[in-house]
Structure formats: C-alpha cells, structure tokens
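Asker: Before I ask anything, here is the structure I am working with.
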Amino acid sequence: MNALDFDYNWTLADPCVWQGVGLHGGQPNELKIFPHNQPGLFFLDQQTLIPLTADLVSQTHFCTTLKLSSVSIQTVEHVLAALLGLGISSAVLSLKGTEIPILDGSSAIFARDIMLAGRVALPQRRTIFSPSAGEWGDEQSWLRWQPAKQLMIHYQIDYQGPPPLKQTYIFNWSPENFLKEIAEARTFVYFQEVQKLQRAGLAQGGSRENALVIENAVPAGNWRWPDEPVRHKILDFLGDLALLGSFPKAQIWAYRTGHEAHVTMVKSWLGKTLSGS
Ligand SMILES: [Zn+2]
C-alpha cells in the first residue's frame, strides 16, 4: 500500500489546535483535531464521539451549524473543507466554545497546520459514495450530479450586486489542487450586506482580516485571485460534502447555491427526503 493511497483512510500524524474568534458570534474559541484510528470524522461532545453527518445540521443561514447533544457549533464548513480537501477521513474534533475559529476566513491555516502535522494512511479502505444521477432546485439556484471516478465540482455564481459578479470555476479534487486552488479563498460579503448581517446578530467577529468585502471595484487590490468568491463557494461546498460521512465520487454542477442546497443534496444522498426538487 502506498503511504497515501486514496483507497485507504487517512488521519493526522499529530493533533492540531487553533484559537480565535468565530465569524458570527465574535467570541473566542479553541478547536482541536486529534488523529483517530477508526474510519470517519467525529465530534467529541462530553466524552461521546458523535459521527459528523448531515443529520446533525440544525441551521444553514450564512454558515452551517451542527447541533450536538450539549452544544450547537457554528461555521463548521471551513475546517471540514480542509479535512475533505486534504483527504483526511479519520479524525476527532473537539471545541471549547460554540463556533469554529474563523482565522483568515479561508481554510488556508487549517490546511497548512494539518500538512505540518502530517497525514498517515490507516489499514482500512475508506468508504466511497457514488450517487445516482439527480438534480435539485429551480432556475434561480440548482444542483445536478452524477456518479464519477473522482470528485469534480463545476460551480457558477451569478449575483446582481452591485457590483454584479459572474464567475465559474471547475475543481478536480486532489489534495494538491485543493491546496493550490481552493484552500486560500476567503469568505466574502457585499459591503451593503455587512450592516444588515450585523443588525441580525451575525458577522459579529467579521472584519477585513477574515472576510473579502466586495465593494465597487472588482477585483480590488487585496483579492487573492480575481475569481476568489467562486473558489470560496467550492470551499464551502467541500465542507458540506464532508458531512456525507464517506468520500464522494461524483461530478457536481452548482449554480448560485448555498449551504441549504448543499446539505439537502447530501441528505438526499444519505437516503433522506429530498425537499425543494
Ligand atoms: Zn465559507
């Protein structure tokens, strides 16, 4: 067996820890990820290991929130994207607080530290899931998918703005492509939405240090790529796909979707009712 053969489960070689405020709550939190020798991603909740699946999702408004038995955890998508993006399929997450630290608004710091900790292959084969072809949504927002040999996401955003934003990106999953093309893409928000979000009690920890604020000029000087927003949508999608509980092998086309659509799709793949189709 190759040390990092995609057919096998991978875990971290060493634990990782991150501290920082949450994007929405604005409070300090501490996240740890530990290596694990059994297949699957788990959350440690009061001494109990809870498998991370879409069944735990309690809310998808601007971020994905999971409800465990003793606590709800906001904004799980960026760290889960780093795990799926880098092929980690066995790990235990543990959080002091109620929201995953937002760090720089992308998965870059999670991914960098996981790579520094190192990845190791476990003896078991990873569980693969290939969905049968399907679709969800309407002309405003839709998803289509079909089974494939490897995960591919073809994503399109098309926002009115101002300024209008129309971008397309095709991501072929591999840890190398994830690190190079997706991991550094930050959360974005339209400038005119910031106050609205903050009045609604969201984005309390948001700042220009952890979010790309879209104003008049597109792209402005501090963008990491001209198409950083669509790359971040793929990052978010990967985070929600990690809630499948097995490794997805599918081609997916997404148009103007968000966490709700992603989680609905994952639940349908898990055999739950598909609403909104
Ligand atoms: Zn995001």
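Every chain in the structure tokens takes a letter, A first, then B, and so on in the order presented; its residues are numbered from 1, and the ligands are numbered from 1 following the presented order.
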Using the chain letters and numbers from this document, which residues of region 35-159 of chain A does DSSP assign to strand (DSSP E or B), as a count of residues only?
Answerer: 57
Asker: If we count only C-alpha atoms and set the cut-off at 10 Å, which residues sit around region 143-148 of chain A, ignoring sequence neighbours fewer than 5 positions away in its own chain? Please answer as a list in words.
Answerer: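 Close residues of region 143-148 of chain A: Phe129, Ser130, Pro131, Ser132, Ala133, Gly134, Glu135, Trp136, Gly137, Asp138, Ile153, His154, Tyr155, Pro248, Lys249, Ala250, Gln251, Ile252, Trp253, Ala254, Tyr255, Arg256, Thr257, Ala261, His262, Met265 and Ser277 of chain A.
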Asker: Residues of region 45-103 of chain A classed as helix (DSSP H, G or I) by DSSP on the backbone are to be reported as number ranges by chain.
Answerer: A: 54-56, 77-85
Asker: Check every protein, DNA and RNA residue against ligand 1, keep those with an atom at most 8 Å away (counting only C-alpha atoms and all ligand atoms), and present them as a list in words.
Answerer: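 Listed by chain and ascending number, the contacts are Cys63, Thr75, Glu77, His78, Gly105, Ser106, Arg186, Thr187, Phe188, His232, Lys233, Leu235 and Asp236 of chain A.
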Asker: I need the chosen residues saved as a PDB file, in the first residue's frame, with N, CA, C and O atoms.
Answerer:
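Saved file result.pdb follows:
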ATOM      1  N   CYS A  63     -24.055  30.094   7.391  1.00  0.00           N
ATOM      2  CA  CYS A  63     -22.993  29.157   7.753  1.00  0.00           C
ATOM      3  C   CYS A  63     -23.690  27.848   8.095  1.00  0.00           C
ATOM      4  O   CYS A  63     -24.909  27.811   8.193  1.00  0.00           O
ATOM      5  N   THR A  75     -20.460  27.451  11.932  1.00  0.00           N
ATOM      6  CA  THR A  75     -19.390  27.682  10.946  1.00  0.00           C
ATOM      7  C   THR A  75     -18.389  26.520  10.909  1.00  0.00           C
ATOM      8  O   THR A  75     -17.179  26.699  11.041  1.00  0.00           O
ATOM      9  N   GLU A  77     -17.922  24.683   8.271  1.00  0.00           N
ATOM     10  CA  GLU A  77     -17.611  24.309   6.890  1.00  0.00           C
ATOM     11  C   GLU A  77     -16.142  24.493   6.482  1.00  0.00           C
ATOM     12  O   GLU A  77     -15.629  23.721   5.682  1.00  0.00           O
ATOM     13  N   HIS A  78     -15.439  25.502   7.026  1.00  0.00           N
ATOM     14  CA  HIS A  78     -14.082  25.748   6.524  1.00  0.00           C
ATOM     15  C   HIS A  78     -13.081  24.721   7.028  1.00  0.00           C
ATOM     16  O   HIS A  78     -12.187  24.308   6.285  1.00  0.00           O
ATOM     17  N   GLY A 105     -10.557  33.491   7.391  1.00  0.00           N
ATOM     18  CA  GLY A 105     -11.771  33.430   6.579  1.00  0.00           C
ATOM     19  C   GLY A 105     -11.736  32.362   5.510  1.00  0.00           C
ATOM     20  O   GLY A 105     -12.700  32.180   4.766  1.00  0.00           O
ATOM     21  N   SER A 106     -10.604  31.643   5.402  1.00  0.00           N
ATOM     22  CA  SER A 106     -10.476  30.573   4.402  1.00  0.00           C
ATOM     23  C   SER A 106     -10.135  29.276   5.136  1.00  0.00           C
ATOM     24  O   SER A 106     -10.265  29.187   6.361  1.00  0.00           O
ATOM     25  N   ARG A 186     -11.164  33.214   0.553  1.00  0.00           N
ATOM     26  CA  ARG A 186     -11.824  33.679   1.784  1.00  0.00           C
ATOM     27  C   ARG A 186     -13.333  33.879   1.631  1.00  0.00           C
ATOM     28  O   ARG A 186     -13.833  34.163   0.540  1.00  0.00           O
ATOM     29  N   THR A 187     -13.991  33.783   2.772  1.00  0.00           N
ATOM     30  CA  THR A 187     -15.385  34.195   2.914  1.00  0.00           C
ATOM     31  C   THR A 187     -15.557  35.580   2.288  1.00  0.00           C
ATOM     32  O   THR A 187     -14.702  36.440   2.486  1.00  0.00           O
ATOM     33  N   PHE A 188     -16.664  35.792   1.591  1.00  0.00           N
ATOM     34  CA  PHE A 188     -16.867  37.128   1.022  1.00  0.00           C
ATOM     35  C   PHE A 188     -18.251  37.640   1.374  1.00  0.00           C
ATOM     36  O   PHE A 188     -19.157  36.871   1.676  1.00  0.00           O
ATOM     37  N   HIS A 232     -14.242  30.298  -3.165  1.00  0.00           N
ATOM     38  CA  HIS A 232     -14.712  30.104  -1.783  1.00  0.00           C
ATOM     39  C   HIS A 232     -16.021  29.313  -1.750  1.00  0.00           C
ATOM     40  O   HIS A 232     -16.260  28.528  -0.827  1.00  0.00           O
ATOM     41  N   LYS A 233     -16.873  29.510  -2.756  1.00  0.00           N
ATOM     42  CA  LYS A 233     -18.119  28.730  -2.787  1.00  0.00           C
ATOM     43  C   LYS A 233     -17.807  27.241  -2.908  1.00  0.00           C
ATOM     44  O   LYS A 233     -18.486  26.401  -2.314  1.00  0.00           O
ATOM     45  N   LEU A 235     -15.077  25.866  -1.762  1.00  0.00           N
ATOM     46  CA  LEU A 235     -14.570  25.525  -0.426  1.00  0.00           C
ATOM     47  C   LEU A 235     -15.745  25.214   0.516  1.00  0.00           C
ATOM     48  O   LEU A 235     -15.763  24.179   1.213  1.00  0.00           O
ATOM     49  N   ASP A 236     -16.743  26.101   0.544  1.00  0.00           N
ATOM     50  CA  ASP A 236     -17.924  25.866   1.385  1.00  0.00           C
ATOM     51  C   ASP A 236     -18.611  24.549   1.018  1.00  0.00           C
ATOM     52  O   ASP A 236     -19.068  23.796   1.877  1.00  0.00           O
TER      53      ASP A 236
END
Asker: May I ask which of the residues A:Thr11, A:Ser69, A:Leu93, A:Ser174 is the closest one to Phe43 (chain A), counting only C-alpha atoms?
Answerer: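 Going through A:Thr11, A:Ser69, A:Leu93, A:Ser174 one by one, the smallest distance to Phe43 (chain A) is for A:Leu93.
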Asker: Pick out the closest residue to Phe237 (chain A) from this set: A:Gly85, A:Gly161, A:Pro15, A:Gly97. Count only C-alpha atoms.
Answerer: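 The answer is A:Gly85, which sits nearest to Phe237 (chain A).
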Asker: Just to confirm, what's the straight-line distance from CA of Thr168 (chain A) to CA of Trp225 (chain A) in Å (one decimal)?
Answerer: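 Atom-to-atom, CA of Thr168 (chain A) to CA of Trp225 (chain A), that is 12.8 Å.
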Asker: Measuring between only C-alpha atoms, which one of A:Leu151, A:Leu95, A:Leu4, A:Leu212 shows the shortest distance to Ile73 (chain A)?
Answerer: A:Leu95
Asker: Quick one: residues within 9 Å of Ala54 (chain A), only C-alpha atoms, excluding same-chain residues fewer than 4 positions away - as a list in words?
Answerer: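 Answer for this query is Leu66, Asp240, Leu241, Ala242, Leu243, Leu244, Gly245, Val263, Thr264, Val266, Lys267 and Leu270 of chain A.
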Asker: Give me the residues within 9 Å of Ile214 (chain A) as a list in words, counting only C-alpha atoms and dropping any in the same chain fewer than 5 places off.
Answerer: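 Answer for this query is Gly161, Pro162, Pro163, Phe188, Val189, Tyr190, Phe191, Gln192, Pro219 and Ala220 of chain A.
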Asker: May I ask which of the residues A:Leu122, A:Val76, A:Met115, A:Leu165 is the closest one to Ser89 (chain A), counting only C-alpha atoms?
Answerer: A:Leu122
Asker: From the set A:Lys67, A:Lys96, A:Lys149, A:Arg199, which residue has the shortest atom-to-atom contact distance to Leu31 (chain A), counting only C-alpha atoms?
Answerer: A:Lys96
Asker: Mind checking which residues fall within 12 Å of Gln195 (chain A), counting only C-alpha atoms, ignoring those fewer than 6 positions away in the same chain, and posting them as a list of chain:residue names?
Answerer: A:Val189, A:Gly201, A:Leu202, A:Ala203, A:Gln204, A:Gly206, A:Ser207, A:Val213
Asker: Just give me the gap between CA of Ser141 (chain A) and CA of Gly239 (chain A) in Å, one decimal is fine.
Answerer: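 These two atoms are separated by 18.9 Å.
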